[in-house]
>>> print(open('upload25.cif').read())   # mmCIF, C-alpha atoms
data_coords
loop_
_atom_site.label_atom_id
_atom_site.label_comp_id
_atom_site.auth_asym_id
_atom_site.auth_seq_id
_atom_site.Cartn_x
_atom_site.Cartn_y
_atom_site.Cartn_z
CA MET A 29 8.14 8.48 23.54
CA ILE A 30 7.10 7.59 20.01
CA ALA A 31 6.23 9.88 17.11
CA LEU A 32 4.32 9.47 13.85
CA VAL A 33 5.77 11.90 11.31
CA THR A 34 4.86 12.79 7.74
CA LEU A 35 5.94 15.32 5.09
CA ALA A 36 3.55 17.60 3.19
CA ILE A 37 5.54 20.42 1.63
CA GLY A 38 3.73 22.89 -0.63
CA ASP A 39 0.25 24.39 -0.30
CA LYS A 40 -1.39 22.14 -2.89
CA TYR A 41 0.10 18.96 -1.45
CA LEU A 42 -0.79 20.02 2.10
CA GLU A 43 -4.40 20.71 1.10
CA ILE A 44 -4.75 17.22 -0.39
CA TYR A 45 -3.10 15.68 2.65
CA ASN A 46 -5.33 17.52 5.11
CA ARG A 47 -8.46 16.55 3.20
CA LEU A 48 -7.79 12.90 2.39
CA PHE A 49 -5.11 11.45 4.63
CA ARG A 50 -4.52 13.56 7.73
CA PRO A 51 -7.63 12.51 9.68
CA SER A 52 -6.71 8.82 9.57
CA GLN A 53 -3.06 9.41 10.45
CA GLU A 54 -3.78 11.85 13.26
CA THR A 55 -6.49 9.62 14.71
CA TYR A 56 -4.21 6.59 14.58
CA ALA A 57 -1.41 8.46 16.36
CA LYS A 58 -3.76 9.66 19.10
CA ARG A 59 -5.25 6.19 19.54
CA HIS A 60 -1.86 4.64 20.26
CA GLY A 61 -0.34 7.52 22.21
CA TYR A 62 2.08 8.66 19.50
CA GLU A 63 3.03 12.29 19.10
CA TYR A 64 1.93 13.46 15.66
CA LYS A 65 3.98 15.80 13.50
CA VAL A 66 3.56 17.14 9.96
CA ILE A 67 6.67 18.60 8.34
CA THR A 68 5.63 21.44 6.02
CA GLU A 69 9.04 23.02 5.35
CA TYR A 70 12.33 21.72 3.99
CA LEU A 71 14.50 20.20 6.70
CA ASP A 72 17.54 21.05 4.56
CA ASP A 73 17.12 24.80 4.16
CA ASP A 74 20.44 25.10 2.33
CA LEU A 75 19.26 23.13 -0.70
CA MET A 76 15.53 23.66 -1.18
CA HIS A 77 14.97 22.01 -4.55
CA LYS A 78 11.65 20.45 -5.53
CA ASP A 79 13.40 17.22 -6.52
CA LEU A 80 14.48 16.81 -2.89
CA ILE A 81 11.07 17.14 -1.27
CA SER A 82 10.52 13.42 -0.75
CA PHE A 83 14.18 12.95 0.20
CA GLN A 84 13.57 15.13 3.28
CA LYS A 85 12.19 12.00 4.97
CA ALA A 86 15.77 10.79 5.44
CA LEU A 87 16.37 13.82 7.68
CA VAL A 88 13.33 13.29 9.91
CA PHE A 89 15.26 11.03 12.27
CA SER A 90 18.18 13.40 12.98
CA GLN A 91 16.55 16.72 13.83
CA PRO A 92 17.22 18.30 17.23
CA TRP A 93 13.72 17.27 18.26
CA SER A 94 14.12 13.71 16.94
CA TYR A 95 16.28 12.44 19.76
CA LYS A 96 13.64 12.78 22.43
CA TYR A 97 11.83 9.88 20.75
CA GLU A 98 12.75 6.26 21.24
CA CYS A 99 11.14 5.48 17.91
CA ILE A 100 9.88 7.52 14.94
CA ILE A 101 7.42 6.08 12.46
CA PHE A 102 7.64 7.93 9.17
CA VAL A 103 4.66 7.63 6.81
CA ASP A 104 4.22 9.23 3.40
CA ALA A 105 1.46 11.83 3.10
CA ASP A 106 -0.49 9.62 0.67
CA ILE A 107 -1.11 6.79 3.12
CA TYR A 108 -4.53 6.06 4.61
CA ILE A 109 -4.46 4.26 7.96
CA ARG A 110 -7.35 1.96 8.80
CA PRO A 111 -9.02 2.98 12.08
CA ASP A 112 -8.55 -0.39 13.80
CA SER A 113 -4.88 -0.79 12.85
CA PRO A 114 -2.74 -2.09 15.73
CA PRO A 115 0.33 -0.22 17.03
CA ILE A 116 3.21 -0.34 14.58
CA HIS A 117 5.97 0.64 17.01
CA VAL A 118 6.10 -2.93 18.33
CA LEU A 119 7.95 -3.78 15.11
CA ALA A 120 10.84 -1.42 15.94
CA GLY A 121 14.22 -3.04 16.40
CA ASP A 122 17.91 -2.48 15.91
CA LYS A 123 17.40 -2.27 12.14
CA ILE A 124 15.09 -0.04 10.12
CA GLY A 125 11.67 -1.60 9.57
CA ILE A 126 10.49 -1.32 5.99
CA VAL A 127 8.37 -3.21 3.44
CA ASN A 128 9.94 -4.99 0.46
CA GLU A 129 8.11 -3.50 -2.51
CA PHE A 130 9.20 -6.37 -4.77
CA ALA A 131 7.30 -8.81 -2.55
CA GLN A 132 3.95 -7.07 -3.09
CA PRO A 133 1.69 -8.99 -2.98
CA THR A 134 4.18 -11.87 -3.43
CA LYS A 135 7.53 -12.04 -5.18
CA GLU A 136 6.13 -14.34 -7.86
CA LEU A 137 3.06 -12.22 -8.66
CA ARG A 138 5.07 -9.02 -8.64
CA LEU A 139 7.62 -10.43 -11.09
CA ALA A 140 4.85 -11.58 -13.43
CA MET A 141 3.25 -8.13 -13.32
CA GLN A 142 6.55 -6.39 -14.01
CA LYS A 143 7.10 -8.58 -17.07
CA ARG A 144 3.56 -7.98 -18.30
CA CYS A 145 3.97 -4.21 -18.00
CA GLY A 146 7.39 -4.21 -19.67
CA TRP A 147 9.10 -2.91 -16.53
CA GLU A 148 12.34 -4.01 -14.91
CA THR A 149 12.06 -7.65 -13.86
CA SER A 150 14.23 -7.80 -10.76
CA ALA A 151 15.26 -5.68 -7.83
CA THR A 152 18.78 -5.72 -9.25
CA ASP A 153 17.54 -4.17 -12.51
CA TYR A 154 15.49 -1.66 -10.52
CA TYR A 155 18.65 -0.41 -8.80
CA LYS A 156 20.54 -0.22 -12.10
CA LEU A 157 18.03 2.38 -13.33
CA CYS A 158 19.60 4.71 -10.75
CA GLN A 159 23.15 3.53 -11.43
CA PHE A 160 23.36 1.31 -8.33
CA ASP A 161 24.89 -2.16 -8.60
CA LEU A 162 23.40 -4.63 -6.14
CA GLU A 163 22.50 -8.31 -6.47
CA THR A 164 19.32 -8.73 -4.40
CA ASP A 165 15.61 -9.47 -4.53
CA VAL A 166 14.79 -6.75 -1.97
CA ALA A 167 13.72 -3.24 -2.98
CA PRO A 168 12.33 -1.38 0.05
CA ASN A 169 9.49 1.10 -0.30
CA SER A 170 10.35 4.16 1.78
CA GLY A 171 6.73 5.19 2.28
CA VAL A 172 6.82 3.69 5.77
CA MET A 173 9.99 3.52 7.85
CA ILE A 174 10.31 2.54 11.50
CA ALA A 175 13.59 3.72 12.99
CA ARG A 176 15.27 4.65 16.23
CA PRO A 177 16.89 8.10 16.03
CA ALA A 178 19.64 7.18 18.50
CA ILE A 179 20.71 4.29 16.24
CA HIS A 180 19.62 5.28 12.75
CA GLY A 181 19.38 9.08 12.68
CA GLU A 182 22.87 9.90 11.47
CA TYR A 183 22.93 6.86 9.20
CA LEU A 184 19.87 8.09 7.30
CA ARG A 185 21.17 11.65 7.23
CA ASN A 186 24.39 10.40 5.64
CA ILE A 187 22.38 8.74 2.87
CA TYR A 188 20.75 12.07 2.12
CA GLU A 189 24.02 13.98 2.17
CA THR A 190 25.70 11.42 -0.08
CA TYR A 191 23.03 11.32 -2.78
CA LYS A 192 21.15 14.64 -2.61
CA GLU A 193 23.03 16.27 -5.49
CA LEU A 194 22.51 13.23 -7.71
CA ALA A 195 18.78 13.31 -7.00
CA ILE A 196 18.36 16.74 -8.55
CA HIS A 197 17.13 16.43 -12.16
CA HIS A 198 17.56 12.65 -12.10
CA SER A 199 15.53 10.90 -14.79
CA ARG A 200 13.87 8.69 -12.16
CA GLY A 201 12.44 11.70 -10.34
CA TYR A 202 11.21 11.09 -6.80
CA ILE A 203 11.89 7.37 -7.21
CA TYR A 204 15.60 8.15 -6.93
CA GLU A 205 15.16 8.96 -3.23
CA GLN A 206 13.53 5.61 -2.57
CA THR A 207 16.13 3.75 -4.62
CA ALA A 208 19.06 5.41 -2.86
CA ILE A 209 17.63 4.70 0.60
CA GLY A 210 16.79 1.12 -0.32
CA TYR A 211 20.18 0.53 -1.89
CA CYS A 212 22.00 1.62 1.25
CA LEU A 213 19.72 -0.31 3.62
CA VAL A 214 20.14 -3.54 1.68
CA ARG A 215 23.84 -3.07 0.97
CA ASP A 216 24.56 -2.41 4.65
CA ASN A 217 22.08 -4.99 5.99
CA MET A 218 20.41 -2.20 7.96
CA TYR A 219 16.81 -3.22 7.26
CA THR A 220 14.27 -5.72 8.49
CA CYS A 221 11.29 -6.53 6.30
CA ILE A 222 7.93 -5.85 7.92
CA PRO A 223 4.67 -7.41 6.64
CA ASN A 224 3.12 -5.94 3.50
CA GLU A 225 -0.05 -4.80 5.27
CA TRP A 226 1.97 -2.03 6.93
CA ASN A 227 2.55 -0.38 3.54
CA GLY A 228 0.12 -1.84 1.03
CA LEU A 229 0.75 -0.43 -2.45
CA TRP A 230 -2.71 -0.01 -3.92
CA MET A 231 -1.72 0.58 -7.55
CA ILE A 232 0.50 -2.51 -7.67
CA ASN A 233 -2.14 -4.70 -6.08
CA LYS A 234 -4.84 -3.35 -8.42
CA LEU A 235 -2.66 -4.14 -11.46
CA ILE A 236 -2.40 -7.73 -10.22
CA TYR A 237 -5.89 -8.26 -8.80
CA HIS A 238 -7.99 -6.48 -11.43
CA GLU A 239 -11.32 -7.22 -9.74
CA LYS A 240 -10.25 -5.92 -6.34
CA GLU A 241 -11.66 -2.56 -5.28
CA LEU A 242 -10.24 -0.03 -2.86
CA PRO A 243 -12.65 -0.70 0.08
CA GLU A 244 -11.75 -4.39 -0.01
CA PHE A 245 -8.03 -3.64 -0.09
CA ILE A 246 -8.32 -1.21 2.82
CA GLY A 247 -10.09 -3.96 4.75
CA GLU A 248 -7.07 -6.22 4.22
CA THR A 249 -4.37 -3.62 4.86
CA TYR A 250 -3.40 -1.51 7.86
CA PHE A 251 -1.63 1.26 5.90
CA THR A 252 -2.92 1.75 2.34
CA HIS A 253 -0.44 3.62 0.16
CA LEU A 254 -1.97 5.48 -2.80
CA ALA A 255 1.42 6.09 -4.40
CA GLY A 256 1.48 7.88 -7.73
CA LYS A 257 -1.83 9.64 -6.85
CA PHE A 258 -3.54 6.45 -7.97
CA GLN A 259 -7.32 6.65 -7.49
CA TYR A 260 -7.24 9.70 -5.26
CA ASP A 261 -10.63 10.46 -6.76
CA LYS A 262 -12.08 7.30 -5.20
CA LEU A 263 -10.78 7.85 -1.69
CA ALA A 264 -13.44 10.38 -0.62
CA GLU A 265 -16.15 7.91 -1.59
CA VAL A 266 -14.37 5.13 0.26
CA LEU A 267 -14.07 7.30 3.36
CA ARG A 268 -17.82 7.91 3.31
CA LEU A 269 -18.36 4.14 3.28
CA ILE A 270 -15.95 3.57 6.16
CA HIS A 271 -17.00 6.65 8.13
CA PRO A 272 -20.71 7.32 7.47
CA GLY A 273 -21.59 10.97 7.79
CA VAL A 274 -18.18 12.27 6.69
#
>>> encode(input="upload25.cif", output="structure tokens")
Amino acid sequence: MIALVTLAIGDKYLEIYNRLFRPSQETYAKRHGYEYKVITEYLDDDLMHKDLISFQKALVFSQPWSYKYECIIFVDADIYIRPDSPPIHVLAGDKIGIVNEFAQPTKELRLAMQKRCGWETSATDYYKLCQFDLETDVAPNSGVMIARPAIHGEYLRNIYETYKELAIHHSRGYIYEQTAIGYCLVRDNMYTCIPNEWNGLWMINKLIYHEKELPEFIGETYFTHLAGKFQYDKLAEVLRLIHPGV
């Protein structure tokens, strides 16, 4: 059995998810025979802090119900899935499948954009912003993770337990969760990079390809990630173009 799981904790966040993103994710799961689950409560009910909401994803793979699944595909609640997207579970392996954010759309174009924006100019510098020391050019984006609970469940839970206290009130906010997960995956060689179209970061691509519009990007990408609430206002219009009558 395979499951597609997301997190939408909080009434406001859940309303946005249900309106903009849920139909595509639920339809995709049904089309490929995946069980579909939306987590609406903290999985760690001993430390329910708002700064740990996104970090709950690390616990998805080690719940009592998790182990009935051979594979769990976690997707953030701000990801639109194109209707004709192929099954993602075929990418599952002995390591956690994840996209390298610092290769979006290519390593060279991403580096140039980072310099132009005055941001950190390497994955190594990205990790240093969260006090992690790692020489690498890989910085995974945790918006999509493909993992096997039997192999990776306790590993991911340990990441959460190790860094949850540090995440609270951290200056990097929700990005700390992603950085901590990515740091551990790269440090431990527990990741395999999957193609960018499985977690296409719309804001990053728009900053690089100024003339590109959201419908075009969706047409090129299986899972479109509107991280940072970037152009949420345009998604309803895009959905009407893709799904006439909606």
>>> resolve_selection(input="upload25.cif", expression="the PyMOL selection byres ((chain A and resi 198) around 12)", output="list of chain:residue names")
A:Lys78, A:Asp79, A:Leu80, A:Leu157, A:Cys158, A:Gln159, A:Tyr191, A:Lys192, A:Glu193, A:Leu194, A:Ala195, A:Ile196, A:His197, A:Ser199, A:Arg200, A:Gly201, A:Tyr202, A:Ile203, A:Tyr204, A:Glu205, A:Thr207, A:Ala208
>>> closest_residue(input="upload25.cif", among="A:Arg144, A:His117, A:Lys40, A:Lys257", to="A:Ala57", atoms="only C-alpha atoms")
A:His117
>>> atom_distance(input="upload25.cif", atom1="atom CA of A:Leu213", atom2="atom CA of A:Ile101")
16.4 Å
>>> resolve_selection(input="upload25.cif", expression="the PyMOL selection byres ((chain A and resi 135) around 12)", output="list in words")
Asn128, Glu129, Phe130, Ala131, Gln132, Pro133, Thr134, Glu136, Leu137, Arg138, Leu139, Ala140, Met141, Gln142, Thr149, Ser150, Ala151, Asp165, Val166, Ala167, Asn224 and Ile236 of chain A
>>> residues_around(input="upload25.cif", residues="A:Pro111", least_positions_apart="3", cutoff="9 Å", atoms="all atoms listed in the file", output="VMD selection string")
chain A and resid 52 to 53 55 to 56 59 114 250
>>> closest_residue(input="upload25.cif", among="A:Tyr188, A:Tyr211, A:Tyr219, A:Tyr95", to="A:Leu162", atoms="all atoms listed in the file")
A:Tyr211
>>> resolve_selection(input="upload25.cif", expression="the PyMOL selection byres ((chain A and resi 221) around 8)", output="PyMOL selection string")
chain A and resi 125-128+219-220+222-223
>>> write_last_selection(input="upload25.cif", atoms="C-alpha atoms", output="PDB file, keeping the file's coordinate frame")
ATOM      1  CA  GLY A 125      11.670  -1.600   9.570  1.00  0.00           C
ATOM      2  CA  ILE A 126      10.490  -1.320   5.990  1.00  0.00           C
ATOM      3  CA  VAL A 127       8.370  -3.210   3.440  1.00  0.00           C
ATOM      4  CA  ASN A 128       9.940  -4.990   0.460  1.00  0.00           C
ATOM      5  CA  TYR A 219      16.810  -3.220   7.260  1.00  0.00           C
ATOM      6  CA  THR A 220      14.270  -5.720   8.490  1.00  0.00           C
ATOM      7  CA  ILE A 222       7.930  -5.850   7.920  1.00  0.00           C
ATOM      8  CA  PRO A 223       4.670  -7.410   6.640  1.00  0.00           C
TER       9      PRO A 223
END
>>> axis_aligned_box(input="upload25.cif", around="stretch 66-79 of chain A", padding_each_side="8 Å", output="AutoDock Vina command-line options")
--center_x 12.0 --center_y 21.1 --center_z 1.7 --size_x 32.9 --size_y 24.0 --size_z 32.5
>>> residues_around(input="upload25.cif", residues="stretch 173-175 of chain A", least_positions_apart="4", cutoff="9 Å", atoms="only C-alpha atoms", output="PyMOL selection string")
chain A and resi 89+98-103+116-117+119-127+169+179-181
>>> closest_residue(input="upload25.cif", among="A:Asp73, A:Glu225, A:Asp216, A:Asp112", to="A:Ile187", atoms="all atoms listed in the file")
A:Asp216
>>> closest_residue(input="upload25.cif", among="A:Tyr70, A:Tyr108, A:Tyr237, A:Tyr183", to="A:Phe251", atoms="only C-alpha atoms")
A:Tyr108
>>> atom_distance(input="upload25.cif", atom1="atom CA of A:Cys212", atom2="atom CA of A:Lys156")
13.6 Å
>>> residues_around(input="upload25.cif", residues="A:Leu35", least_positions_apart="6", cutoff="9 Å", atoms="all atoms listed in the file", output="JSON, numbers by chain")
{"A": [42, 65, 66, 67, 68, 69, 81, 82, 84, 85, 102, 103, 104, 105]}
>>> closest_residue(input="upload25.cif", among="A:Asp153, A:Tyr62, A:Thr34, A:Thr249", to="A:Asn46", atoms="all atoms listed in the file")
A:Thr34
>>> residues_around(input="upload25.cif", residues="A:Gln91", least_positions_apart="4", cutoff="10 Å", atoms="all atoms listed in the file", output="list in words")
Leu71, Leu87, Tyr95, Lys96, Pro177, Gly181, Glu182 and Arg185 of chain A
>>> decode(input="upload25.cif", residues="stretch 35-62 of chain A", atoms="N, CA and C atoms", output="PDB file, in the first residue's frame")
ATOM      1  N   LEU A  35       0.051  18.000   5.362  1.00  0.00           N
ATOM      2  CA  LEU A  35      -0.227  18.646   6.637  1.00  0.00           C
ATOM      3  C   LEU A  35      -0.948  19.965   6.393  1.00  0.00           C
ATOM      4  N   ALA A  36      -2.062  20.190   7.074  1.00  0.00           N
ATOM      5  CA  ALA A  36      -2.754  21.476   7.019  1.00  0.00           C
ATOM      6  C   ALA A  36      -3.321  21.727   8.413  1.00  0.00           C
ATOM      7  N   ILE A  37      -2.508  22.325   9.257  1.00  0.00           N
ATOM      8  CA  ILE A  37      -2.862  22.528  10.664  1.00  0.00           C
ATOM      9  C   ILE A  37      -3.288  23.980  10.879  1.00  0.00           C
ATOM     10  N   GLY A  38      -4.479  24.165  11.417  1.00  0.00           N
ATOM     11  CA  GLY A  38      -5.019  25.506  11.631  1.00  0.00           C
ATOM     12  C   GLY A  38      -6.155  25.775  10.663  1.00  0.00           C
ATOM     13  N   ASP A  39      -7.227  26.373  11.157  1.00  0.00           N
ATOM     14  CA  ASP A  39      -8.440  26.561  10.346  1.00  0.00           C
ATOM     15  C   ASP A  39      -8.168  27.377   9.085  1.00  0.00           C
ATOM     16  N   LYS A  40      -7.423  28.457   9.209  1.00  0.00           N
ATOM     17  CA  LYS A  40      -7.167  29.320   8.059  1.00  0.00           C
ATOM     18  C   LYS A  40      -6.369  28.584   6.992  1.00  0.00           C
ATOM     19  N   TYR A  41      -5.323  27.879   7.430  1.00  0.00           N
ATOM     20  CA  TYR A  41      -4.477  27.137   6.499  1.00  0.00           C
ATOM     21  C   TYR A  41      -5.264  26.020   5.825  1.00  0.00           C
ATOM     22  N   LEU A  42      -6.119  25.346   6.615  1.00  0.00           N
ATOM     23  CA  LEU A  42      -6.917  24.242   6.076  1.00  0.00           C
ATOM     24  C   LEU A  42      -7.917  24.756   5.046  1.00  0.00           C
ATOM     25  N   GLU A  43      -8.497  25.937   5.298  1.00  0.00           N
ATOM     26  CA  GLU A  43      -9.454  26.501   4.337  1.00  0.00           C
ATOM     27  C   GLU A  43      -8.768  26.785   3.002  1.00  0.00           C
ATOM     28  N   ILE A  44      -7.581  27.373   3.058  1.00  0.00           N
ATOM     29  CA  ILE A  44      -6.834  27.660   1.824  1.00  0.00           C
ATOM     30  C   ILE A  44      -6.472  26.366   1.113  1.00  0.00           C
ATOM     31  N   TYR A  45      -6.017  25.385   1.881  1.00  0.00           N
ATOM     32  CA  TYR A  45      -5.663  24.098   1.289  1.00  0.00           C
ATOM     33  C   TYR A  45      -6.858  23.464   0.595  1.00  0.00           C
ATOM     34  N   ASN A  46      -7.983  23.410   1.284  1.00  0.00           N
ATOM     35  CA  ASN A  46      -9.168  22.767   0.716  1.00  0.00           C
ATOM     36  C   ASN A  46      -9.619  23.452  -0.570  1.00  0.00           C
ATOM     37  N   ARG A  47      -9.474  24.765  -0.610  1.00  0.00           N
ATOM     38  CA  ARG A  47      -9.964  25.537  -1.748  1.00  0.00           C
ATOM     39  C   ARG A  47      -9.029  25.484  -2.952  1.00  0.00           C
ATOM     40  N   LEU A  48      -7.724  25.543  -2.705  1.00  0.00           N
ATOM     41  CA  LEU A  48      -6.782  25.694  -3.808  1.00  0.00           C
ATOM     42  C   LEU A  48      -5.998  24.437  -4.171  1.00  0.00           C
ATOM     43  N   PHE A  49      -5.700  23.605  -3.203  1.00  0.00           N
ATOM     44  CA  PHE A  49      -4.740  22.530  -3.458  1.00  0.00           C
ATOM     45  C   PHE A  49      -5.303  21.116  -3.264  1.00  0.00           C
ATOM     46  N   ARG A  50      -6.258  20.980  -2.363  1.00  0.00           N
ATOM     47  CA  ARG A  50      -6.769  19.643  -2.062  1.00  0.00           C
ATOM     48  C   ARG A  50      -7.335  18.913  -3.275  1.00  0.00           C
ATOM     49  N   PRO A  51      -8.156  19.563  -4.112  1.00  0.00           N
ATOM     50  CA  PRO A  51      -8.726  18.801  -5.228  1.00  0.00           C
ATOM     51  C   PRO A  51      -7.680  18.133  -6.103  1.00  0.00           C
ATOM     52  N   SER A  52      -6.583  18.815  -6.391  1.00  0.00           N
ATOM     53  CA  SER A  52      -5.573  18.216  -7.272  1.00  0.00           C
ATOM     54  C   SER A  52      -4.848  17.076  -6.579  1.00  0.00           C
ATOM     55  N   GLN A  53      -4.557  17.238  -5.291  1.00  0.00           N
ATOM     56  CA  GLN A  53      -3.845  16.184  -4.565  1.00  0.00           C
ATOM     57  C   GLN A  53      -4.727  14.953  -4.353  1.00  0.00           C
ATOM     58  N   GLU A  54      -5.970  15.183  -3.990  1.00  0.00           N
ATOM     59  CA  GLU A  54      -6.881  14.063  -3.747  1.00  0.00           C
ATOM     60  C   GLU A  54      -7.180  13.315  -5.038  1.00  0.00           C
ATOM     61  N   THR A  55      -7.358  14.056  -6.128  1.00  0.00           N
ATOM     62  CA  THR A  55      -7.616  13.427  -7.423  1.00  0.00           C
ATOM     63  C   THR A  55      -6.423  12.610  -7.882  1.00  0.00           C
ATOM     64  N   TYR A  56      -5.231  13.163  -7.690  1.00  0.00           N
ATOM     65  CA  TYR A  56      -4.001  12.453  -8.075  1.00  0.00           C
ATOM     66  C   TYR A  56      -3.870  11.149  -7.292  1.00  0.00           C
ATOM     67  N   ALA A  57      -4.101  11.216  -5.982  1.00  0.00           N
ATOM     68  CA  ALA A  57      -3.996  10.009  -5.159  1.00  0.00           C
ATOM     69  C   ALA A  57      -4.978   8.948  -5.622  1.00  0.00           C
ATOM     70  N   LYS A  58      -6.214   9.340  -5.881  1.00  0.00           N
ATOM     71  CA  LYS A  58      -7.236   8.393  -6.322  1.00  0.00           C
ATOM     72  C   LYS A  58      -6.866   7.784  -7.664  1.00  0.00           C
ATOM     73  N   ARG A  59      -6.337   8.609  -8.561  1.00  0.00           N
ATOM     74  CA  ARG A  59      -5.999   8.146  -9.914  1.00  0.00           C
ATOM     75  C   ARG A  59      -4.954   7.041  -9.893  1.00  0.00           C
ATOM     76  N   HIS A  60      -4.025   7.123  -8.935  1.00  0.00           N
ATOM     77  CA  HIS A  60      -2.936   6.147  -8.897  1.00  0.00           C
ATOM     78  C   HIS A  60      -3.097   5.119  -7.779  1.00  0.00           C
ATOM     79  N   GLY A  61      -4.247   5.106  -7.130  1.00  0.00           N
ATOM     80  CA  GLY A  61      -4.514   4.090  -6.127  1.00  0.00           C
ATOM     81  C   GLY A  61      -3.811   4.313  -4.802  1.00  0.00           C
ATOM     82  N   TYR A  62      -3.465   5.572  -4.498  1.00  0.00           N
ATOM     83  CA  TYR A  62      -2.827   5.890  -3.224  1.00  0.00           C
ATOM     84  C   TYR A  62      -3.905   6.213  -2.187  1.00  0.00           C
TER      85      TYR A  62
END
